[in-house]
>>> print(open('my_file-v3.cif').read())   # mmCIF, C-alpha atoms
data_work
#
loop_
_atom_site.label_atom_id
_atom_site.label_comp_id
_atom_site.auth_asym_id
_atom_site.auth_seq_id
_atom_site.Cartn_x
_atom_site.Cartn_y
_atom_site.Cartn_z
CA MET S 1 -36.73 -23.80 42.31
CA LEU S 2 -33.28 -24.32 40.73
CA ASN S 3 -34.52 -24.11 37.14
CA ASP S 4 -36.64 -21.03 37.92
CA GLU S 5 -33.63 -19.23 39.44
CA LEU S 6 -31.40 -20.09 36.48
CA LYS S 7 -34.06 -19.02 33.96
CA LYS S 8 -34.47 -15.71 35.74
CA ARG S 9 -30.74 -15.00 35.85
CA LYS S 10 -30.22 -16.09 32.23
CA LYS S 11 -32.98 -13.69 31.16
CA GLU S 12 -31.51 -10.84 33.23
CA LEU S 13 -28.19 -11.26 31.43
CA HIS S 14 -29.85 -11.58 28.00
CA LEU S 15 -28.02 -14.84 27.34
CA THR S 16 -29.16 -17.48 24.87
CA THR S 17 -28.74 -21.11 25.84
CA GLU S 18 -26.03 -21.45 23.22
CA GLU S 19 -24.14 -18.46 24.64
CA LEU S 20 -24.46 -19.81 28.18
CA SER S 21 -23.14 -23.16 26.96
CA THR S 22 -20.16 -21.55 25.25
CA LEU S 23 -19.25 -19.43 28.28
CA SER S 24 -19.72 -22.18 30.88
CA GLY S 25 -18.59 -25.24 28.93
CA VAL S 26 -21.81 -27.04 29.91
CA PRO S 27 -23.44 -28.82 26.93
CA VAL S 28 -26.60 -27.23 25.51
CA GLY S 29 -28.55 -30.44 26.14
CA THR S 30 -27.59 -30.46 29.82
CA ILE S 31 -28.60 -26.81 30.23
CA ASN S 32 -31.93 -27.45 28.53
CA LYS S 33 -32.64 -30.38 30.84
CA ILE S 34 -31.94 -28.21 33.89
CA LEU S 35 -34.05 -25.33 32.58
CA ASN S 36 -37.05 -27.49 31.70
CA GLY S 37 -36.90 -29.27 35.04
CA SER S 38 -36.16 -32.77 33.77
CA THR S 39 -32.80 -32.70 35.55
CA LYS S 40 -33.52 -31.67 39.13
CA SER S 41 -30.14 -32.62 40.61
CA PRO S 42 -27.24 -31.49 38.41
CA ARG S 43 -23.68 -32.43 39.23
CA ILE S 44 -21.71 -30.10 41.49
CA SER S 45 -19.23 -29.42 38.66
CA THR S 46 -22.11 -28.34 36.42
CA LEU S 47 -23.46 -25.94 39.04
CA GLU S 48 -20.01 -24.46 39.57
CA SER S 49 -19.59 -23.85 35.84
CA LEU S 50 -23.00 -22.19 35.52
CA GLN S 51 -22.62 -20.00 38.60
CA ARG S 52 -19.25 -18.70 37.38
CA VAL S 53 -21.03 -17.30 34.31
CA LEU S 54 -24.37 -16.32 35.79
CA TYR S 55 -23.16 -14.79 39.04
CA SER S 56 -19.67 -13.46 38.36
CA ASP S 57 -18.89 -9.91 39.51
CA SER S 58 -18.57 -8.65 35.95
CA GLN S 59 -22.13 -9.76 35.21
CA SER S 60 -23.68 -8.34 38.35
CA ASP S 61 -25.55 -5.13 38.88
CA GLU S 62 -25.26 -2.92 41.93
CA SER S 63 -28.27 -4.10 43.88
CA ASP S 64 -28.91 -5.45 47.37
CA GLY S 65 -26.63 -7.67 49.35
CA PHE S 66 -23.34 -5.83 49.84
CA CYS S 67 -22.08 -2.85 51.76
CA PRO S 68 -18.93 -1.03 50.60
CA ASP S 69 -17.82 -0.16 54.12
CA PRO S 70 -18.24 -2.69 56.96
CA SER S 71 -17.78 0.02 59.58
CA ALA S 72 -20.86 1.80 58.27
CA VAL S 73 -23.17 -1.16 58.84
CA ASN S 74 -25.71 -1.20 61.64
CA SER S 75 -28.58 -3.51 62.52
CA ASN S 76 -31.06 -1.40 60.55
CA GLN S 77 -29.10 -1.89 57.32
CA VAL S 78 -28.87 -5.66 57.36
CA HIS S 79 -30.53 -7.36 54.41
CA GLU S 80 -29.95 -10.42 52.30
CA SER S 81 -29.02 -10.76 48.68
CA SER S 82 -31.60 -12.06 46.23
CA SER S 83 -28.93 -13.87 44.20
CA VAL S 84 -25.55 -15.42 44.83
CA TYR S 85 -23.63 -12.22 44.11
CA ALA S 86 -26.30 -9.54 43.63
CA GLY S 87 -23.80 -6.71 43.28
CA HIS S 88 -20.15 -5.96 43.79
CA THR S 89 -18.04 -4.09 46.29
CA GLU S 90 -15.39 -1.58 45.38
CA ARG S 91 -12.86 -3.99 46.82
CA LEU S 92 -12.79 -7.41 48.42
CA TYR S 93 -12.70 -7.87 52.18
CA THR S 94 -10.39 -9.89 54.35
CA VAL S 95 -11.24 -12.36 57.08
CA GLU S 96 -9.92 -9.83 59.62
CA GLU S 97 -12.30 -7.13 58.33
CA TYR S 98 -15.19 -9.56 58.44
CA LEU S 99 -14.41 -10.51 62.03
CA SER S 100 -14.38 -6.82 62.98
CA LEU S 101 -18.04 -6.33 62.00
CA PRO S 102 -20.36 -5.27 64.84
CA GLU S 103 -21.66 -8.21 66.86
CA ASP S 104 -25.29 -7.47 65.99
CA VAL S 105 -24.63 -7.75 62.24
CA ARG S 106 -25.27 -11.13 60.68
CA ALA S 107 -23.29 -11.64 57.51
CA GLU S 108 -21.24 -14.12 55.52
CA LEU S 109 -17.99 -13.67 53.64
CA ILE S 110 -18.00 -15.51 50.30
CA ASP S 111 -14.85 -15.24 48.20
CA GLY S 112 -14.16 -11.88 49.84
CA HIS S 113 -17.67 -10.54 49.24
CA LEU S 114 -19.78 -9.50 52.22
CA VAL S 115 -23.33 -10.86 52.09
CA TYR S 116 -25.75 -9.52 54.70
CA MET S 117 -28.48 -11.83 55.91
CA ALA S 118 -32.10 -11.20 56.81
CA THR S 119 -33.70 -12.10 60.12
CA PRO S 120 -34.95 -15.70 59.82
CA SER S 121 -38.68 -16.44 59.65
CA VAL S 122 -40.68 -18.32 62.29
CA ILE S 123 -40.85 -21.45 60.09
CA HIS S 124 -37.10 -21.27 59.58
CA GLN S 125 -36.48 -21.17 63.32
CA LYS S 126 -38.96 -23.96 64.04
CA LEU S 127 -37.24 -26.24 61.54
CA CYS S 128 -33.84 -25.31 62.90
CA MET S 129 -34.93 -26.12 66.45
CA GLU S 130 -36.61 -29.42 65.56
CA LEU S 131 -33.74 -30.69 63.41
CA SER S 132 -31.14 -29.68 65.98
CA PHE S 133 -33.12 -31.58 68.62
CA GLU S 134 -33.25 -34.70 66.43
CA PHE S 135 -29.51 -34.60 65.75
CA SER S 136 -28.55 -33.85 69.35
CA ASN S 137 -30.88 -36.47 70.80
CA TYR S 138 -29.46 -39.17 68.55
CA ILE S 139 -25.85 -38.29 69.34
CA ARG S 140 -26.52 -38.11 73.07
CA SER S 141 -28.48 -41.38 73.17
CA HIS S 142 -25.66 -43.16 71.32
CA LYS S 143 -22.95 -41.55 73.45
CA GLY S 144 -21.43 -39.96 70.38
CA ASN S 145 -18.61 -37.42 70.47
CA CYS S 146 -19.91 -35.10 67.73
CA THR S 147 -21.27 -31.62 68.41
CA VAL S 148 -24.39 -29.96 67.01
CA LEU S 149 -24.38 -26.16 66.72
CA CYS S 150 -26.77 -23.63 65.19
CA SER S 151 -26.38 -20.26 63.50
CA PRO S 152 -25.31 -17.58 64.15
CA LEU S 153 -21.89 -19.21 64.19
CA ASP S 154 -18.92 -18.48 61.95
CA VAL S 155 -17.54 -21.43 60.02
CA GLN S 156 -14.31 -20.82 58.13
CA LEU S 157 -14.32 -23.78 55.76
CA GLU S 158 -10.60 -23.59 54.99
CA GLU S 159 -8.09 -21.61 57.04
CA GLU S 160 -6.38 -19.94 54.08
CA GLU S 161 -9.57 -19.05 52.19
CA ASP S 162 -11.52 -15.76 52.31
CA THR S 163 -14.84 -17.47 52.94
CA ILE S 164 -16.70 -17.65 56.25
CA VAL S 165 -20.26 -18.96 56.23
CA GLN S 166 -23.00 -19.39 58.82
CA PRO S 167 -24.81 -22.66 58.11
CA ASP S 168 -28.12 -22.94 59.91
CA ILE S 169 -26.99 -26.20 61.57
CA ILE S 170 -23.68 -28.02 61.64
CA ILE S 171 -22.44 -31.31 63.04
CA PHE S 172 -18.70 -31.65 63.53
CA CYS S 173 -16.84 -34.55 65.08
CA ASP S 174 -13.28 -33.21 65.27
CA PRO S 175 -12.96 -31.09 68.44
CA SER S 176 -9.75 -29.48 67.17
CA LYS S 177 -11.86 -27.48 64.68
CA ASP S 178 -13.48 -25.60 67.59
CA LYS S 179 -11.41 -22.43 67.93
CA GLY S 180 -13.71 -20.75 70.43
CA SER S 181 -14.68 -17.74 68.32
CA ARG S 182 -15.42 -19.85 65.23
CA ILE S 183 -15.12 -23.27 63.64
CA ILE S 184 -12.16 -23.63 61.28
CA GLY S 185 -12.41 -26.57 58.92
CA ALA S 186 -15.21 -28.44 57.21
CA PRO S 187 -18.07 -29.72 59.39
CA ASP S 188 -19.20 -33.30 58.83
CA LEU S 189 -22.76 -32.17 58.05
CA CYS S 190 -24.20 -28.76 57.12
CA VAL S 191 -27.87 -27.83 56.92
CA GLU S 192 -29.22 -24.75 55.17
CA ILE S 193 -32.90 -23.83 55.53
CA VAL S 194 -33.87 -21.99 52.37
CA SER S 195 -35.50 -18.58 52.31
CA PRO S 196 -36.63 -16.89 49.07
CA SER S 197 -33.64 -14.56 49.21
CA SER S 198 -31.05 -17.27 49.89
CA ALA S 199 -32.20 -19.95 47.44
CA SER S 200 -29.65 -19.37 44.68
CA ARG S 201 -26.78 -19.21 47.17
CA ASP S 202 -27.89 -22.36 49.03
CA TYR S 203 -28.54 -24.43 45.91
CA LEU S 204 -25.56 -23.23 43.88
CA ILE S 205 -22.61 -21.58 45.56
CA LYS S 206 -22.83 -23.25 48.96
CA ALA S 207 -23.25 -26.71 47.48
CA ALA S 208 -20.02 -26.15 45.56
CA LYS S 209 -18.22 -24.58 48.54
CA TYR S 210 -19.18 -27.36 50.93
CA ALA S 211 -18.23 -30.09 48.47
CA GLY S 212 -14.87 -28.49 47.75
CA ALA S 213 -14.04 -27.96 51.42
CA GLY S 214 -14.66 -31.58 52.38
CA VAL S 215 -18.07 -31.39 54.06
CA ARG S 216 -19.35 -34.96 54.05
CA GLU S 217 -23.10 -34.31 53.95
CA TYR S 218 -25.20 -31.27 53.01
CA TRP S 219 -28.96 -30.82 53.47
CA ILE S 220 -30.94 -28.07 51.73
CA VAL S 221 -34.28 -27.81 53.54
CA ASP S 222 -36.84 -25.88 51.47
CA PRO S 223 -40.02 -24.98 53.40
CA ALA S 224 -41.71 -23.39 50.36
CA ARG S 225 -41.40 -26.63 48.37
CA GLU S 226 -41.68 -28.86 51.47
CA LYS S 227 -38.69 -30.79 50.17
CA THR S 228 -35.16 -31.53 51.32
CA SER S 229 -32.23 -32.16 48.98
CA CYS S 230 -29.47 -34.22 50.56
CA TYR S 231 -25.92 -34.46 49.23
CA PHE S 232 -23.61 -37.16 50.51
CA PHE S 233 -20.47 -35.99 48.80
CA GLU S 234 -18.37 -39.04 49.68
CA ASN S 235 -20.39 -41.47 47.57
CA ALA S 236 -22.72 -39.65 45.17
CA PRO S 237 -22.44 -36.53 42.98
CA PHE S 238 -26.24 -36.19 42.87
CA PRO S 239 -28.47 -35.18 45.78
CA ALA S 240 -31.35 -37.37 46.90
CA GLU S 241 -34.62 -35.47 47.20
CA TYR S 242 -37.18 -36.08 49.93
CA THR S 243 -40.54 -34.60 50.85
CA PHE S 244 -41.59 -33.40 54.28
CA ARG S 245 -43.50 -36.69 54.64
CA ASP S 246 -40.42 -38.88 54.32
CA LYS S 247 -37.90 -40.37 56.69
CA ILE S 248 -34.52 -38.96 55.68
CA PRO S 249 -31.38 -40.99 56.36
CA VAL S 250 -28.48 -39.18 57.97
CA LYS S 251 -25.65 -40.75 56.00
CA ILE S 252 -22.82 -39.85 58.36
CA TYR S 253 -24.46 -42.23 60.85
CA GLU S 254 -25.45 -45.83 60.25
CA GLY S 255 -29.18 -46.42 60.73
CA PHE S 256 -30.18 -42.89 61.76
CA GLU S 257 -33.23 -41.32 60.08
CA VAL S 258 -35.07 -38.06 60.66
CA ASP S 259 -38.85 -38.46 60.40
CA PHE S 260 -39.93 -35.27 58.66
CA GLU S 261 -43.59 -36.24 58.84
CA LYS S 262 -43.30 -36.25 62.63
CA ILE S 263 -41.59 -32.85 62.55
CA SER S 264 -44.24 -31.44 60.22
CA SER S 265 -47.01 -32.69 62.49
CA GLU S 266 -45.53 -30.73 65.38
CA SER S 267 -47.33 -27.55 64.21
CA ILE S 268 -44.27 -26.52 62.21
CA PHE S 269 -46.38 -24.58 59.71
CA ASP S 270 -48.84 -23.14 62.23
CA TYR S 271 -48.75 -19.43 62.98
#
>>> encode(input="my_file-v3.cif", output="structure tokens")
Amino acid sequence: MLNDELKKRKKELHLTTEELSTLSGVPVGTINKILNGSTKSPRISTLESLQRVLYSDSQSDESDGFCPDPSAVNSNQVHESSSVYAGHTERLYTVEEYLSLPEDVRAELIDGHLVYMATPSVIHQKLCMELSFEFSNYIRSHKGNCTVLCSPLDVQLEEEEDTIVQPDIIIFCDPSKDKGSRIIGAPDLCVEIVSPSSASRDYLIKAAKYAGAGVREYWIVDPAREKTSCYFFENAPFPAEYTFRDKIPVKIYEGFEVDFEKISSESIFDY
């Protein structure tokens, strides 16, 4: 999925591997390994360098994903970008402008750019429900003090930054981060359930954002691939990759695993 997205974007921009290397500072050999799929879990710093070149505003075309005037948005206009920054606004938007969007509009603010999000699929919602249950049940049974919350919920990763995201699931253990209208500060764990239109943002920009903000653990759950990539930023720069038949350890807790085979057997892919 990652190499396919990068190949597509590189082709759209008519960049050679050598040019991409020069612009990003990433060695040609590293880029080739990512593109041919032999490196499936690049370092966060590598992803940041590539996304700055491949998805910068100056490289983007004016396609889906952004609306120049938040006040003009209604529920019939909401759609999700097919790349990290699939267009550009005439100006950047503030946190205050984002918070003034109509309540029925689901969007994220990433570096001042408004990104409108599609209605989640049935599989997406099933996975979100099942994982939230697993997390909540474990915390409750162990009398933990952490909180599990699901999207739609605004999470302002850093108070001074112009980025507010809506992770599909978060766990946070510091109650002072709960400001009522939104969470301010990095959650302990974030989960994103990938859709075709959000893949590049989940695998690239959000991985970098979460790592930089101090999120301890980040799961990218990909129903199309039936795989989950898990970053534990405190100890490892590379994500561990699991299938939907594996038991996945939740690193922020000692001895806690999520049995994805059990979740999959619960008619998760039935329609």
>>> resolve_selection(input="my_file-v3.cif", expression="the PyMOL selection byres ((chain S and resi 170) around 9)", output="PDB file with C-alpha atoms, in the frame of the given file")
ATOM      1  CA  SER S 132     -31.140 -29.680  65.980  1.00  0.00           C
ATOM      2  CA  THR S 147     -21.270 -31.620  68.410  1.00  0.00           C
ATOM      3  CA  VAL S 148     -24.390 -29.960  67.010  1.00  0.00           C
ATOM      4  CA  LEU S 149     -24.380 -26.160  66.720  1.00  0.00           C
ATOM      5  CA  CYS S 150     -26.770 -23.630  65.190  1.00  0.00           C
ATOM      6  CA  SER S 151     -26.380 -20.260  63.500  1.00  0.00           C
ATOM      7  CA  PRO S 167     -24.810 -22.660  58.110  1.00  0.00           C
ATOM      8  CA  ASP S 168     -28.120 -22.940  59.910  1.00  0.00           C
ATOM      9  CA  ILE S 169     -26.990 -26.200  61.570  1.00  0.00           C
ATOM     10  CA  ILE S 171     -22.440 -31.310  63.040  1.00  0.00           C
ATOM     11  CA  PHE S 172     -18.700 -31.650  63.530  1.00  0.00           C
ATOM     12  CA  PRO S 187     -18.070 -29.720  59.390  1.00  0.00           C
ATOM     13  CA  ASP S 188     -19.200 -33.300  58.830  1.00  0.00           C
ATOM     14  CA  LEU S 189     -22.760 -32.170  58.050  1.00  0.00           C
ATOM     15  CA  CYS S 190     -24.200 -28.760  57.120  1.00  0.00           C
ATOM     16  CA  VAL S 191     -27.870 -27.830  56.920  1.00  0.00           C
TER      17      VAL S 191
END
>>> axis_aligned_box(input="my_file-v3.cif", around="region 198-207 of chain S", padding_each_side="4 Å", output="lines of an AutoDock Vina configuration file")
center_x = -27.4
center_y = -22.0
center_z = 46.9
size_x = 17.6
size_y = 17.4
size_z = 14.0
>>> residues_near_point(input="my_file-v3.cif", point="(-40.5, -17.6, 59.2)", cutoff="12 Å", atoms="all atoms listed in the file", output="MDAnalysis selection string")
chainID S and resid 118:128 193:196 222:224 268:271
>>> resolve_selection(input="my_file-v3.cif", expression="the PyMOL selection byres ((chain S and resi 6) around 9)", output="VMD selection string")
chain S and resid 1 to 5 7 to 11 34 to 35 50 54 200
>>> resolve_selection(input="my_file-v3.cif", expression="the PyMOL selection byres ((chain S and resi 243) around 12)", output="number ranges by chain")
S: 220-230, 240-242, 244-248, 258-261, 263-264
>>> residues_around(input="my_file-v3.cif", residues="Tyr210 (chain S)", least_positions_apart="6", cutoff="8 Å", atoms="all atoms listed in the file", output="NGL selection string")
:S and (157 or 186 or 218)
>>> residues_around(input="my_file-v3.cif", residues="Glu19 (chain S)", least_positions_apart="4", cutoff="12 Å", atoms="all atoms listed in the file", output="MDAnalysis selection string")
chainID S and resid 10:11 13:15 23:28 31 50 53:54
>>> residues_around(input="my_file-v3.cif", residues="Gly185 (chain S)", least_positions_apart="2", cutoff="12 Å", atoms="only C-alpha atoms", output="ChimeraX atom specification")
/S:154-161,163-165,170-179,182-183,187-189,210,212-216
>>> atom_distance(input="my_file-v3.cif", atom1="CA of Asp202 (chain S)", atom2="CA of Gly144 (chain S)")
28.4 Å
>>> atom_distance(input="my_file-v3.cif", atom1="CA of Leu101 (chain S)", atom2="CA of Ile184 (chain S)")
18.3 Å
>>> atom_distance(input="my_file-v3.cif", atom1="CA of Gly112 (chain S)", atom2="CA of Gln51 (chain S)")
16.2 Å
>>> closest_residue(input="my_file-v3.cif", among="S:Met117, S:Gly255, S:Ser197, S:Pro237", to="Thr46 (chain S)", atoms="all atoms listed in the file")
S:Pro237
>>> decode(input="my_file-v3.cif", residues="region 164-185 of chain S", atoms="N, CA and C atoms", output="PDB file, in the first residue's frame")
ATOM      1  N   ILE S 164      -5.656  19.839  14.170  1.00  0.00           N
ATOM      2  CA  ILE S 164      -6.634  19.109  14.980  1.00  0.00           C
ATOM      3  C   ILE S 164      -7.070  17.894  14.169  1.00  0.00           C
ATOM      4  N   VAL S 165      -6.899  16.710  14.737  1.00  0.00           N
ATOM      5  CA  VAL S 165      -7.226  15.484  14.024  1.00  0.00           C
ATOM      6  C   VAL S 165      -8.368  14.766  14.728  1.00  0.00           C
ATOM      7  N   GLN S 166      -8.921  13.767  14.046  1.00  0.00           N
ATOM      8  CA  GLN S 166      -9.978  12.949  14.615  1.00  0.00           C
ATOM      9  C   GLN S 166      -9.600  11.475  14.456  1.00  0.00           C
ATOM     10  N   PRO S 167      -8.703  10.982  15.303  1.00  0.00           N
ATOM     11  CA  PRO S 167      -8.366   9.558  15.234  1.00  0.00           C
ATOM     12  C   PRO S 167      -9.616   8.711  15.426  1.00  0.00           C
ATOM     13  N   ASP S 168      -9.621   7.537  14.818  1.00  0.00           N
ATOM     14  CA  ASP S 168     -10.802   6.684  14.951  1.00  0.00           C
ATOM     15  C   ASP S 168     -10.986   6.223  16.393  1.00  0.00           C
ATOM     16  N   ILE S 169      -9.885   5.932  17.091  1.00  0.00           N
ATOM     17  CA  ILE S 169      -9.936   5.543  18.503  1.00  0.00           C
ATOM     18  C   ILE S 169      -8.739   6.170  19.206  1.00  0.00           C
ATOM     19  N   ILE S 170      -8.951   6.644  20.413  1.00  0.00           N
ATOM     20  CA  ILE S 170      -7.819   7.073  21.231  1.00  0.00           C
ATOM     21  C   ILE S 170      -7.939   6.473  22.623  1.00  0.00           C
ATOM     22  N   ILE S 171      -6.784   6.292  23.260  1.00  0.00           N
ATOM     23  CA  ILE S 171      -6.707   6.014  24.692  1.00  0.00           C
ATOM     24  C   ILE S 171      -5.839   7.107  25.289  1.00  0.00           C
ATOM     25  N   PHE S 172      -6.359   7.780  26.315  1.00  0.00           N
ATOM     26  CA  PHE S 172      -5.536   8.765  27.010  1.00  0.00           C
ATOM     27  C   PHE S 172      -5.679   8.565  28.510  1.00  0.00           C
ATOM     28  N   CYS S 173      -4.572   8.761  29.214  1.00  0.00           N
ATOM     29  CA  CYS S 173      -4.512   8.432  30.639  1.00  0.00           C
ATOM     30  C   CYS S 173      -4.337   9.655  31.534  1.00  0.00           C
ATOM     31  N   ASP S 174      -4.202  10.818  30.933  1.00  0.00           N
ATOM     32  CA  ASP S 174      -4.068  12.062  31.692  1.00  0.00           C
ATOM     33  C   ASP S 174      -5.381  12.830  31.605  1.00  0.00           C
ATOM     34  N   PRO S 175      -6.183  12.827  32.674  1.00  0.00           N
ATOM     35  CA  PRO S 175      -7.502  13.472  32.610  1.00  0.00           C
ATOM     36  C   PRO S 175      -7.441  14.968  32.364  1.00  0.00           C
ATOM     37  N   SER S 176      -6.304  15.605  32.612  1.00  0.00           N
ATOM     38  CA  SER S 176      -6.208  17.049  32.391  1.00  0.00           C
ATOM     39  C   SER S 176      -6.267  17.407  30.911  1.00  0.00           C
ATOM     40  N   LYS S 177      -6.068  16.425  30.022  1.00  0.00           N
ATOM     41  CA  LYS S 177      -6.133  16.678  28.585  1.00  0.00           C
ATOM     42  C   LYS S 177      -7.574  16.773  28.079  1.00  0.00           C
ATOM     43  N   ASP S 178      -8.524  16.350  28.903  1.00  0.00           N
ATOM     44  CA  ASP S 178      -9.943  16.422  28.544  1.00  0.00           C
ATOM     45  C   ASP S 178     -10.446  17.831  28.827  1.00  0.00           C
ATOM     46  N   LYS S 179     -10.675  18.589  27.745  1.00  0.00           N
ATOM     47  CA  LYS S 179     -11.131  19.966  27.877  1.00  0.00           C
ATOM     48  C   LYS S 179     -12.626  20.115  27.609  1.00  0.00           C
ATOM     49  N   GLY S 180     -13.332  19.005  27.589  1.00  0.00           N
ATOM     50  CA  GLY S 180     -14.772  19.058  27.368  1.00  0.00           C
ATOM     51  C   GLY S 180     -15.131  19.053  25.900  1.00  0.00           C
ATOM     52  N   SER S 181     -14.769  20.104  25.177  1.00  0.00           N
ATOM     53  CA  SER S 181     -15.094  20.187  23.754  1.00  0.00           C
ATOM     54  C   SER S 181     -14.104  19.411  22.889  1.00  0.00           C
ATOM     55  N   ARG S 182     -12.893  19.178  23.424  1.00  0.00           N
ATOM     56  CA  ARG S 182     -11.884  18.441  22.673  1.00  0.00           C
ATOM     57  C   ARG S 182     -10.779  17.977  23.617  1.00  0.00           C
ATOM     58  N   ILE S 183      -9.937  17.096  23.117  1.00  0.00           N
ATOM     59  CA  ILE S 183      -8.752  16.675  23.831  1.00  0.00           C
ATOM     60  C   ILE S 183      -7.595  17.569  23.376  1.00  0.00           C
ATOM     61  N   ILE S 184      -6.847  18.116  24.311  1.00  0.00           N
ATOM     62  CA  ILE S 184      -5.665  18.905  23.970  1.00  0.00           C
ATOM     63  C   ILE S 184      -4.441  18.211  24.557  1.00  0.00           C
ATOM     64  N   GLY S 185      -3.567  17.771  23.683  1.00  0.00           N
ATOM     65  CA  GLY S 185      -2.396  17.015  24.087  1.00  0.00           C
ATOM     66  C   GLY S 185      -2.410  15.648  23.432  1.00  0.00           C
TER      67      GLY S 185
END
